[in-house]
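Novice: Please read through the structure below; I'll follow up with questions.
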Amino acid sequence: MLLRARAVLPLNRPPIADGAVQVSGNRVVRAGRWRDLSNDAHGGVLDLGETVLLPGLVNAHCHLDYTGMAGKFPPQKNFPDWIKLITAAKSEWSYTEFAGSWLSGAAMLTRTGTTTVADFEAVPELLPEVWDSTALRVFSFLELTGVRSRRPPAEILGEALARIDSLPGHRCCARFAPHAPYSTVPELLRLCSATAAQRDWPFSLHLAESSPEFDMFLHARGALHDWLRQNQREMADCGLGSPVQAAHRCGALRSNLLAVHVNYLGQNDASLLATQKVSVAHCPRSHAYFKHQPFPLASLSRARVNLCLGTDSLASVYKKPRQTVELNLFTEMQTLAAAQPALKPAAILRMATVNGARALGMAGQIGEITQGAFADLIALPFSGPMPTIHEAVLQHRGNVSASLINGQWAIPLR
């Protein structure tokens with residue numbers, strides 16, 4: 001199959017005017033100018049017209065389970081208060097509600113251009129049935145905690161591995177994610193990090209998300225510290241450095257770690273993350289919802305940390321009365337652009353594609369249009385001049401014109 005478009009935006013190289021992408025099965029054969037590829041159109045040509053064809057977006061952090069909680073929780077003064085609210089809400093939900101929420105979120109992402117999502121899975125019983133109900137390429141990171149249950153870390157990890165190993169081979173896959181340094185114990189972080197390295201898997205955790213978390217680890221004080229101590233968490237790992245340093249002491253800072261949020265940095269934390277080749281997922285709308293201090297983009301960029309983008313969940317997106325909100329990585333890109341006006345559109349687009357692929361260990365396979373990559377492509381309307389293409393794509397609103405995932409039409413061209 002040969003796909004022709006007014007422009008092709010590979011994102012790992014310059015845009016191609018009057019471009020084409022040749023697809024065979026679920027892979028990209030090559031991309032280039034239409035005039036150079038048109039003689040090889042043996043499998044048929046689909047002319048997408050006045051569109052730009054680009055890689056499907058890679059959502060580096062999401063909680064699909066919580067999509068149905070949009071607007072349920074007004075912003076709280078204290079981060080622990082929000083945790084208490086969502087924990088209470090989760091305890092009241094049924095399997096059916098979580099499944100409906102997951103599928104609703106997956107549908108939102110598909111129609112707005114995401115083709116791969118790194119999803120924190122709090123209800124592993126949903127797998128693999130929900131995978132079969134979406135076209136998305138899903139990394140389901142099973143969320144591990146254990147502070148309240150007091151179960152041995154090896155038992156927690158062993159149970160997660162048994163579940164992962166029991167799941168069928170699929171376009172989707174399951175991995176694991178110790179929730180955060182404050183909600184786990186150091187031994188669980190050590191075991192997860194070592195096991196992920198042995199299996200050559202990416203793993204993920206929330207890290208340095210809030211100022212109460214920063215105070216807890218750096219100063220052994222604050223609202224989160226006091227609340228967790230009341231819940232019998234062992235606090236010996238507090239007062240010894242920043243959350244990033246706490247994760248490093250547990251051996252968790254590795255090249256296969258996708259650290260989510262990283263809003264609060266201690267001295268030399270950015271260089272430490274860079275040295276250990278950790279990827280960082282920033283969630284702009286969630287960041288704004290919690291009114292965090294400005295995201296340390298400059299420090300992380302100077303250190304050359306791999307930065308990518310996620311939507312987080314709709315439970316942490318501000319929603320006005322009667323307003324509709326959805327999981328949409330374009331909206332996250334636009335929110336980031338508004339907060340960081342010096343950041344170039346091309347760099348933001350790479351955060352939502354190429355960089356996310358690298359964070360998931362999928363560099364060259366997703367997030368770019370290159371020979372041998374999976375045929376995960378999206379089409380958007382485009383009729384402007386070529387020099388404006390990155391800005392035009394960044395400012396896209398609404399659904400995509402078409403989406404191809406793993407060589408199959410998730411959204412056929414209309």
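Each chain in the structure tokens gets a letter, A, B, ..., in the order shown, and its residues are numbered from 1; ligands are numbered from 1 in order too.
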Using only C-alpha atoms, what does the table of stretch 97-193 of chain A residues within 10 Å of stretch 341-360 of chain A look like, with each row giving the shortest atom pair and its distance in Å to one decimal, sorted by chain and ascending number, as CSV?

Specialist:
residue,atom,partner,partner_atom,distance
A:Thr114,CA,A:Ala352,CA,9.1
A:Thr115,CA,A:Thr353,CA,9.8
A:Thr116,CA,A:Ala357,CA,8.7
A:Val117,CA,A:Gly356,CA,9.3
A:Ala118,CA,A:Leu360,CA,8.1
A:Phe139,CA,A:Leu360,CA,8.5

Novice: Grab the residues selected above and save them as a short mmCIF file (atom, residue, chain, number, x, y, z; two decimals), in the first residue's frame with C-alpha atoms.

Specialist:
data_model
loop_
_atom_site.label_atom_id
_atom_site.label_comp_id
_atom_site.auth_asym_id
_atom_site.auth_seq_id
_atom_site.Cartn_x
_atom_site.Cartn_y
_atom_site.Cartn_z
CA THR A 114 -2.36 8.64 20.03
CA THR A 115 -1.28 5.25 18.72
CA THR A 116 0.84 4.08 21.70
CA VAL A 117 0.09 4.69 25.37
CA ALA A 118 2.03 3.93 28.54
CA PHE A 139 2.10 -0.71 27.58
#

Novice: What's the 12 Å shell around stretch 85-90 of chain A, counting only C-alpha atoms, without same-chain residues fewer than 6 positions away, as a compact mmCIF listing (two decimals) with N, CA and C atoms, in the first residue's frame?

Specialist:
# COMPACT_ATOMS: atom_id res chain seq x y z
N ASP A 65 -7.81 3.97 33.61
CA ASP A 65 -8.81 3.54 34.58
C ASP A 65 -9.64 4.70 35.12
N TYR A 66 -9.06 5.89 35.18
CA TYR A 66 -9.69 7.03 35.87
C TYR A 66 -10.38 8.00 34.93
N THR A 67 -10.53 7.64 33.65
CA THR A 67 -11.15 8.56 32.69
C THR A 67 -12.52 9.02 33.15
N GLY A 68 -13.31 8.10 33.70
CA GLY A 68 -14.67 8.44 34.14
C GLY A 68 -14.72 9.32 35.38
N MET A 69 -13.57 9.64 35.95
CA MET A 69 -13.54 10.50 37.14
C MET A 69 -13.33 11.97 36.78
N ALA A 70 -13.43 12.31 35.51
CA ALA A 70 -13.25 13.71 35.08
C ALA A 70 -14.18 14.64 35.85
N GLY A 71 -13.61 15.68 36.41
CA GLY A 71 -14.39 16.68 37.12
C GLY A 71 -14.89 16.28 38.50
N LYS A 72 -14.51 15.09 38.97
CA LYS A 72 -15.02 14.61 40.26
C LYS A 72 -14.33 15.29 41.44
N PHE A 73 -13.10 15.74 41.23
CA PHE A 73 -12.32 16.24 42.36
C PHE A 73 -11.85 17.67 42.10
N PRO A 74 -12.39 18.64 42.80
CA PRO A 74 -11.86 20.00 42.67
C PRO A 74 -10.43 20.04 43.19
N PRO A 75 -9.60 20.93 42.66
CA PRO A 75 -8.23 21.02 43.14
C PRO A 75 -8.19 21.22 44.66
N GLN A 76 -7.28 20.51 45.30
CA GLN A 76 -7.14 20.57 46.75
C GLN A 76 -5.95 21.45 47.14
N ASN A 78 -3.79 20.65 49.33
CA ASN A 78 -2.66 19.80 49.64
C ASN A 78 -2.71 18.54 48.81
N PHE A 79 -1.58 18.13 48.24
CA PHE A 79 -1.52 16.94 47.41
C PHE A 79 -2.04 15.69 48.14
N GLU A 97 -17.34 -0.43 36.11
CA GLU A 97 -17.05 1.01 36.00
C GLU A 97 -15.62 1.26 35.55
N PHE A 98 -14.67 0.50 36.11
CA PHE A 98 -13.29 0.66 35.68
C PHE A 98 -13.12 0.28 34.22
N SER A 101 -14.54 2.98 32.02
CA SER A 101 -13.67 4.14 32.08
C SER A 101 -12.44 3.94 31.20
N ALA A 122 -4.15 0.16 37.49
CA ALA A 122 -4.48 -0.10 38.89
C ALA A 122 -5.40 -1.30 39.05
N VAL A 123 -6.03 -1.73 37.94
CA VAL A 123 -6.97 -2.85 37.98
C VAL A 123 -6.51 -3.90 36.97
N SER A 313 -4.23 11.51 34.00
CA SER A 313 -5.63 11.09 33.96
C SER A 313 -6.56 12.29 33.96
N LEU A 314 -7.81 12.08 33.60
CA LEU A 314 -8.79 13.17 33.65
C LEU A 314 -9.21 13.49 35.08
N ALA A 315 -8.79 12.65 36.04
CA ALA A 315 -9.04 12.98 37.45
C ALA A 315 -8.16 14.13 37.92
N SER A 316 -7.13 14.47 37.13
CA SER A 316 -6.25 15.58 37.51
C SER A 316 -6.15 16.59 36.36

Novice: Enumerate, as a ChimeraX atom specification, the complete set of residues in stretch 107-268 of chain A that a backbone-based DSSP assignment places in strand (DSSP E or B).

Specialist: /A:114-121,137-144,173-178,203-207,257-261

Novice: Counting only C-alpha atoms, which residue out of A:His63, A:Pro296, A:Lys77, A:Asn39 sits closest to A:Val317?

Specialist: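 For A:Val317, the nearest of the candidates is A:His63.
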
Novice: Skipping near chain neighbours, those fewer than 3 positions away, what residues fall within 6 Å of stretch 251-266 of chain A using only C-alpha atoms, listed as a compact mmCIF listing (two decimals) with C-alpha atoms, in the first residue's frame?

Specialist:
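That gives us selection-v1.txt:
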# COMPACT_ATOMS: atom_id res chain seq x y z
CA ARG A 190 15.39 -2.27 44.28
CA SER A 193 14.75 -2.05 39.04
CA PRO A 202 11.08 -0.48 30.59
CA PHE A 203 9.59 0.32 33.99
CA SER A 204 8.00 3.46 35.32
CA LEU A 205 7.27 5.32 38.53
CA HIS A 206 5.94 8.67 39.69
CA LEU A 207 8.90 10.68 40.97
CA ALA A 208 9.31 14.09 42.61
CA GLU A 209 5.72 14.96 41.73
CA SER A 242 15.62 14.65 47.34
CA ALA A 247 15.29 6.60 43.98
CA HIS A 248 18.99 6.54 43.10
CA ASP A 269 19.31 16.08 40.27
CA GLN A 276 21.78 7.57 34.44
CA LYS A 277 19.94 8.11 31.10
CA VAL A 278 16.52 8.28 32.76
CA SER A 279 13.59 9.49 30.63
CA VAL A 280 11.10 11.96 32.09
CA ALA A 281 7.40 12.23 31.21
CA HIS A 282 5.84 15.66 31.73
CA PHE A 295 8.29 22.65 35.38

Novice: Show which residues sit within 12 Å of A:Glu155, as a count of residues only. Count only C-alpha atoms, and ignore same-chain residues fewer than 2 positions away.

Specialist: 18

Novice: Where in stretch 151-336 of chain A does DSSP assign helix (DSSP H, G or I), given as a ChimeraX atom specification?

Specialist: /A:153-166,186-199,211-219,223-230,243-249,269-275,284-289,297-302,314-316,329-336

Novice: In terms of the shortest atom-to-atom distance over only C-alpha atoms, which of A:Ile156, A:Cys62, A:Arg171, A:Pro80 is closest to A:Met216?

Specialist: A:Pro80

Novice: Quote the spacing between atom CA of A:Pro412 and atom CA of A:Leu127 in Å to one decimal place.

Specialist: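 Separation of atom CA of A:Pro412 and atom CA of A:Leu127: 26.5 Å.
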
Novice: Do you know which residues are at most 10 Å from A:Pro294 counting only C-alpha atoms, after dropping those on the same chain fewer than 2 positions away, and could you put them as a list in words?

Specialist: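 Residues near the query, excluding close chain neighbours: Asn263, Tyr264, His287, Ala288, Lys291, His292, Pro296, Leu297, Ala339 and Gln340 of chain A.
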
Novice: Those same residues, written as a tab-separated table (two decimals), in the first residue's frame with C-alpha atoms?

Specialist:
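Dumped everything to again.tsv:
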chain	number	residue	atom	x	y	z
A	263	ASN	CA	8.50	18.59	39.02
A	264	TYR	CA	10.80	19.27	41.99
A	287	HIS	CA	0.91	20.06	36.30
A	288	ALA	CA	-1.36	23.10	35.96
A	291	LYS	CA	-0.48	24.40	40.64
A	292	HIS	CA	3.04	23.02	40.90
A	296	PRO	CA	12.15	22.54	35.40
A	297	LEU	CA	12.32	22.27	31.62
A	339	ALA	CA	3.69	27.66	29.36
A	340	GLN	CA	7.04	27.50	27.53

Novice: Between A:Ala106, A:Asn231, A:Arg4, A:Val244, which has the minimum distance to A:Arg148 (counting only C-alpha atoms)?

Specialist: A:Asn231

Novice: Excluding stretch 103-105 of chain A and residues on its chain fewer than 3 positions from it, collect all residues at most 7 Å away from it, counting only C-alpha atoms, and give them as a list in words.

Specialist: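 What passes the distance filter is Leu64, Thr67, Ala99, Gly100, Met108, Leu109, Val130 and Leu327 of chain A.
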
Novice: Hey, can you check how far atom CA of A:Ala177 sits from atom CA of A:Ala223?

Specialist: 24.3 Å

Novice: A:Arg6: which residues within 6 Å, counting only C-alpha atoms, same-chain residues fewer than 2 positions away excluded, as a PyMOL selection string?

Specialist: chain A and resi 18+50-51

Novice: Can I get the selection written as a PDB file, in the first residue's frame, with C-alpha atoms?

Specialist:
ATOM      1  CA  ASP A  18       4.182  15.901  -1.878  1.00  0.00           C
ATOM      2  CA  GLU A  50      -4.612  17.959   1.565  1.00  0.00           C
ATOM      3  CA  THR A  51      -3.192  16.287   4.637  1.00  0.00           C
TER       4      THR A  51
END
